[in-house]
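K.L.:
mmCIF, C-alpha atoms, file structure07.cif:
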```
data_final
loop_
_atom_site.label_atom_id
_atom_site.label_comp_id
_atom_site.auth_asym_id
_atom_site.auth_seq_id
_atom_site.Cartn_x
_atom_site.Cartn_y
_atom_site.Cartn_z
CA MET A 23 16.90 19.29 -26.03
CA ALA A 24 16.89 15.78 -27.43
CA LYS A 25 13.52 14.26 -28.22
CA LEU A 26 12.51 10.68 -27.45
CA TYR A 27 10.38 8.88 -30.03
CA LYS A 28 8.43 5.66 -29.75
CA LEU A 29 9.14 3.00 -32.40
CA ILE A 30 6.66 0.18 -32.88
CA VAL A 31 7.77 -3.04 -34.60
CA LEU A 32 5.19 -5.50 -35.92
CA ILE A 33 6.07 -9.18 -35.81
CA ILE A 34 3.79 -11.56 -37.68
CA GLY A 35 4.17 -15.16 -36.57
CA LEU A 36 7.89 -15.75 -36.29
CA THR A 37 8.80 -13.49 -39.22
CA ALA A 38 9.58 -9.83 -38.70
CA MET A 39 8.50 -7.64 -41.57
CA ASN A 40 11.52 -5.65 -42.78
CA THR A 41 9.90 -2.78 -44.63
CA ALA A 42 11.23 0.75 -44.96
CA VAL A 43 8.79 3.43 -43.88
CA GLN A 44 9.07 7.17 -44.43
CA ALA A 45 7.37 9.51 -42.01
CA GLN A 46 7.40 13.17 -41.20
CA VAL A 47 7.82 13.73 -37.49
CA SER A 48 6.82 16.93 -35.77
CA ALA A 49 7.49 18.05 -32.20
CA SER A 50 3.93 17.10 -31.26
CA ASN A 51 4.82 13.43 -31.86
CA ALA A 52 7.70 13.56 -29.39
CA ILE A 53 7.40 11.93 -26.01
CA SER A 54 8.27 14.45 -23.34
CA PRO A 55 10.75 13.05 -20.82
CA SER A 56 9.08 15.11 -18.09
CA THR A 57 5.72 13.33 -18.26
CA LYS A 58 4.70 10.47 -15.96
CA GLU A 59 4.47 8.33 -19.06
CA LEU A 60 8.23 8.56 -19.43
CA ILE A 61 9.28 5.30 -21.02
CA GLN A 62 10.60 3.27 -18.14
CA ASN A 63 13.58 1.08 -18.58
CA VAL A 64 11.71 -1.65 -16.75
CA GLY A 65 14.44 -4.21 -17.41
CA PHE A 66 11.81 -6.98 -17.26
CA THR A 67 13.82 -10.22 -17.21
CA ASN A 68 13.62 -13.78 -15.99
CA TYR A 69 16.38 -16.32 -15.58
CA PRO A 70 17.02 -19.11 -16.03
CA ASN A 71 14.94 -19.40 -19.17
CA PRO A 72 14.28 -22.21 -20.01
CA ALA A 73 13.39 -22.91 -16.39
CA VAL A 74 13.24 -26.30 -14.68
CA THR A 75 12.21 -25.78 -11.04
CA TYR A 76 12.27 -21.98 -10.66
CA THR A 77 12.92 -18.69 -12.42
CA ASN A 78 13.93 -15.33 -10.98
CA ILE A 79 11.84 -12.44 -12.28
CA ALA A 80 13.19 -8.89 -12.06
CA TYR A 81 12.00 -5.44 -13.13
CA ASN A 82 12.65 -1.79 -12.33
CA LEU A 83 10.13 0.81 -11.22
CA ALA A 84 10.88 4.47 -11.94
CA THR A 85 8.36 5.56 -9.30
CA ARG A 86 6.09 3.94 -6.72
CA ALA A 87 3.48 2.00 -8.71
CA LYS A 88 0.69 -0.56 -8.62
CA VAL A 89 2.17 -3.82 -9.89
CA ASN A 90 0.41 -6.94 -11.14
CA LEU A 91 2.58 -9.87 -12.24
CA ARG A 92 0.73 -12.90 -13.55
CA VAL A 93 1.24 -16.04 -15.59
CA VAL A 94 -0.96 -17.13 -18.49
CA ASP A 95 -0.77 -20.10 -20.83
CA LEU A 96 -0.77 -19.71 -24.61
CA THR A 97 -4.59 -19.72 -24.70
CA GLY A 98 -4.64 -16.71 -22.35
CA LYS A 99 -5.88 -18.68 -19.33
CA GLN A 100 -4.55 -17.17 -16.12
CA LEU A 101 -2.60 -19.75 -14.11
CA ALA A 102 -1.13 -17.67 -11.30
CA VAL A 103 -0.95 -14.19 -9.83
CA LEU A 104 2.57 -13.77 -8.49
CA VAL A 105 2.45 -10.12 -7.41
CA LYS A 106 -0.52 -7.81 -6.88
CA GLN A 107 0.47 -4.83 -4.77
CA GLU A 108 1.84 -1.32 -4.76
CA GLN A 109 5.63 -1.34 -4.77
CA ALA A 110 8.32 1.26 -4.12
CA ALA A 111 10.56 2.67 -6.84
CA GLY A 112 13.68 0.67 -7.62
CA ARG A 113 14.63 -2.86 -8.61
CA GLN A 114 12.10 -5.54 -7.71
CA GLU A 115 12.75 -9.28 -7.76
CA TYR A 116 10.49 -12.31 -7.42
CA TYR A 117 11.56 -15.95 -7.03
CA TRP A 118 8.96 -18.08 -8.82
CA ASN A 119 8.92 -21.67 -7.55
CA LEU A 120 7.25 -23.51 -10.43
CA SER A 121 6.23 -26.58 -8.39
CA LYS A 122 4.24 -24.41 -5.96
CA TYR A 123 1.93 -23.45 -8.84
CA LYS A 124 1.94 -26.93 -10.46
CA ILE A 125 3.39 -25.57 -13.70
CA THR A 126 4.23 -28.37 -16.15
CA SER A 127 6.56 -28.38 -19.16
CA GLY A 128 5.55 -25.93 -21.86
CA MET A 129 5.54 -22.29 -22.88
CA TYR A 130 3.95 -19.57 -20.76
CA ILE A 131 3.67 -15.80 -20.79
CA LEU A 132 4.60 -13.56 -17.86
CA ILE A 133 2.51 -10.39 -17.91
CA LEU A 134 3.80 -7.45 -15.89
CA GLN A 135 1.41 -4.54 -15.41
CA ILE A 136 2.86 -1.36 -13.94
CA ASP A 137 0.04 1.12 -13.36
CA ASN A 138 -1.57 1.24 -16.84
CA LYS A 139 1.36 -0.16 -18.87
CA SER A 140 1.78 -3.85 -19.73
CA TYR A 141 4.92 -5.81 -20.57
CA SER A 142 5.23 -9.49 -21.41
CA ARG A 143 7.90 -12.18 -21.57
CA LYS A 144 7.89 -15.74 -22.81
CA VAL A 145 8.92 -18.42 -20.30
CA ILE A 146 9.82 -21.95 -21.32
CA VAL A 147 9.46 -24.61 -18.62
CA GLN A 148 11.28 -27.90 -19.15
#
```
Would you mind writing the file's structure down as structure tokens?

P.N.:
Amino acid sequence: MAKLYKLIVLIIGLTAMNTAVQAQVSASNAISPSTKELIQNVGFTNYPNPAVTYTNIAYNLATRAKVNLRVVDLTGKQLAVLVKQEQAAGRQEYYWNLSKYKITSGMYILILQIDNKSYSRKVIVQ
């Protein structure tokens, strides 16, 4: 049976550190595909990006889950809660009308929380 391992990459500023690391991996470090914490291919995307008047946000849910999708600025200030509900498994899409939330030009972060996991994406608004 193939094992699935989690790889963490550290990015400092805009420079990725390219350092070789040796590690011994045992079966106890493997992520079991049968657990609820199976790494979801959430496919968290938004387009167009850069956005002018709107952006479509999409993600996939492996199972029914509590979803919280919000927008924060670069200081971490929450600007909008776009989704806060339990959703069925499958592909989910949200049309974000920027003018409805009075979003001006700049860079923002979309934060997607699925149950206890968080994912983020940068959004540029022109």

K.L.:
Since I can't run it myself right now, could you work out what the PyMOL selection byres ((chain A and resi 145) around 10) selects here and report it as a list of chain:residue names?

P.N.:
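Given this file, the PyMOL selection byres ((chain A and resi 145) around 10) evaluates to A:Asn68, A:Tyr69, A:Pro70, A:Asn71, A:Pro72, A:Ala73, A:Thr77, A:Val93, A:Asp95, A:Gly128, A:Met129, A:Tyr130, A:Ile131, A:Leu132, A:Ser142, A:Arg143, A:Lys144, A:Ile146, A:Val147, A:Gln148.
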
K.L.:
With C-alpha atoms retained, could you export that selection as a CSV table (one decimal), in the frame of the given file?

P.N.:
```
chain,number,residue,atom,x,y,z
A,68,ASN,CA,13.6,-13.8,-16.0
A,69,TYR,CA,16.4,-16.3,-15.6
A,70,PRO,CA,17.0,-19.1,-16.0
A,71,ASN,CA,14.9,-19.4,-19.2
A,72,PRO,CA,14.3,-22.2,-20.0
A,73,ALA,CA,13.4,-22.9,-16.4
A,77,THR,CA,12.9,-18.7,-12.4
A,93,VAL,CA,1.2,-16.0,-15.6
A,95,ASP,CA,-0.8,-20.1,-20.8
A,128,GLY,CA,5.6,-25.9,-21.9
A,129,MET,CA,5.5,-22.3,-22.9
A,130,TYR,CA,4.0,-19.6,-20.8
A,131,ILE,CA,3.7,-15.8,-20.8
A,132,LEU,CA,4.6,-13.6,-17.9
A,142,SER,CA,5.2,-9.5,-21.4
A,143,ARG,CA,7.9,-12.2,-21.6
A,144,LYS,CA,7.9,-15.7,-22.8
A,146,ILE,CA,9.8,-22.0,-21.3
A,147,VAL,CA,9.5,-24.6,-18.6
A,148,GLN,CA,11.3,-27.9,-19.2
```

K.L.:
Between A:Glu115, A:Tyr76, A:Glu108, A:Val103, which residue has the minimum interatomic distance to A:Val89, considering all atoms listed in the file?

P.N.:
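Of all the options, A:Glu108 lies closest to A:Val89.
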
K.L.:
Can you list, as a PyMOL selection string, every protein, DNA or RNA residue that comes within 10 Å of A:Thr75 when you count all atoms listed in the file, leaving out same-chain residues fewer than 4 positions away?

P.N.:
chain A and resi 70+118-122+125-126+147-148

K.L.:
Find the residues near A:Arg86: any atom within 9 Å, counting all atoms listed in the file, skip ones fewer than 5 places away on the same chain, and give them as a PDB file with C-alpha atoms, in the coordinates of the input.

P.N.:
```pdb
ATOM      1  CA  GLU A 108       1.840  -1.320  -4.760  1.00  0.00           C
ATOM      2  CA  GLN A 109       5.630  -1.340  -4.770  1.00  0.00           C
ATOM      3  CA  ALA A 110       8.320   1.260  -4.120  1.00  0.00           C
ATOM      4  CA  ALA A 111      10.560   2.670  -6.840  1.00  0.00           C
ATOM      5  CA  GLY A 112      13.680   0.670  -7.620  1.00  0.00           C
TER       6      GLY A 112
END
```

K.L.:
Report as a PyMOL selection string all protein, DNA and RNA residues lying within 8 Å of A:Leu91, evaluated on only C-alpha atoms, omitting residues in the same chain fewer than 5 positions from it.

P.N.:
chain A and resi 103-106+132-135

K.L.:
Output C-alpha atoms for every residue in the selection just made, as a PDB file, in the frame of the given file.

P.N.:
```
ATOM      1  CA  VAL A 103      -0.950 -14.190  -9.830  1.00  0.00           C
ATOM      2  CA  LEU A 104       2.570 -13.770  -8.490  1.00  0.00           C
ATOM      3  CA  VAL A 105       2.450 -10.120  -7.410  1.00  0.00           C
ATOM      4  CA  LYS A 106      -0.520  -7.810  -6.880  1.00  0.00           C
ATOM      5  CA  LEU A 132       4.600 -13.560 -17.860  1.00  0.00           C
ATOM      6  CA  ILE A 133       2.510 -10.390 -17.910  1.00  0.00           C
ATOM      7  CA  LEU A 134       3.800  -7.450 -15.890  1.00  0.00           C
ATOM      8  CA  GLN A 135       1.410  -4.540 -15.410  1.00  0.00           C
TER       9      GLN A 135
END
```

K.L.:
If you apply the PyMOL selection byres ((chain A and resi 67) around 9) to this file, what residues do you get, as a tab-separated table (two decimals) with C-alpha atoms, keeping the file's coordinate frame?

P.N.:
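Dumped everything to selection-v4.tsv:
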```
chain	number	residue	atom	x	y	z
A	64	VAL	CA	11.71	-1.65	-16.75
A	65	GLY	CA	14.44	-4.21	-17.41
A	66	PHE	CA	11.81	-6.98	-17.26
A	68	ASN	CA	13.62	-13.78	-15.99
A	69	TYR	CA	16.38	-16.32	-15.58
A	78	ASN	CA	13.93	-15.33	-10.98
A	79	ILE	CA	11.84	-12.44	-12.28
A	80	ALA	CA	13.19	-8.89	-12.06
A	81	TYR	CA	12.00	-5.44	-13.13
A	143	ARG	CA	7.90	-12.18	-21.57
```

K.L.:
Could you tell me how far atom CA of A:Val74 lies from atom CA of A:Ser140, in Å and to one decimal?

P.N.:
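Atom-to-atom, atom CA of A:Val74 to atom CA of A:Ser140, that is 25.7 Å.
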
K.L.:
Nearest to A:Val94 among A:Asn138, A:Arg113, A:Tyr123, A:Asn63, with distances taken over all atoms listed in the file: which residue is it?

P.N.:
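Result for the nearest residue to A:Val94: A:Tyr123.
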
K.L.:
Can you tell me how far atom CA of A:Gln100 sits from atom CA of A:Tyr116, in Å to one decimal?

P.N.:
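Atom CA of A:Tyr116 lies 18.0 Å from atom CA of A:Gln100.
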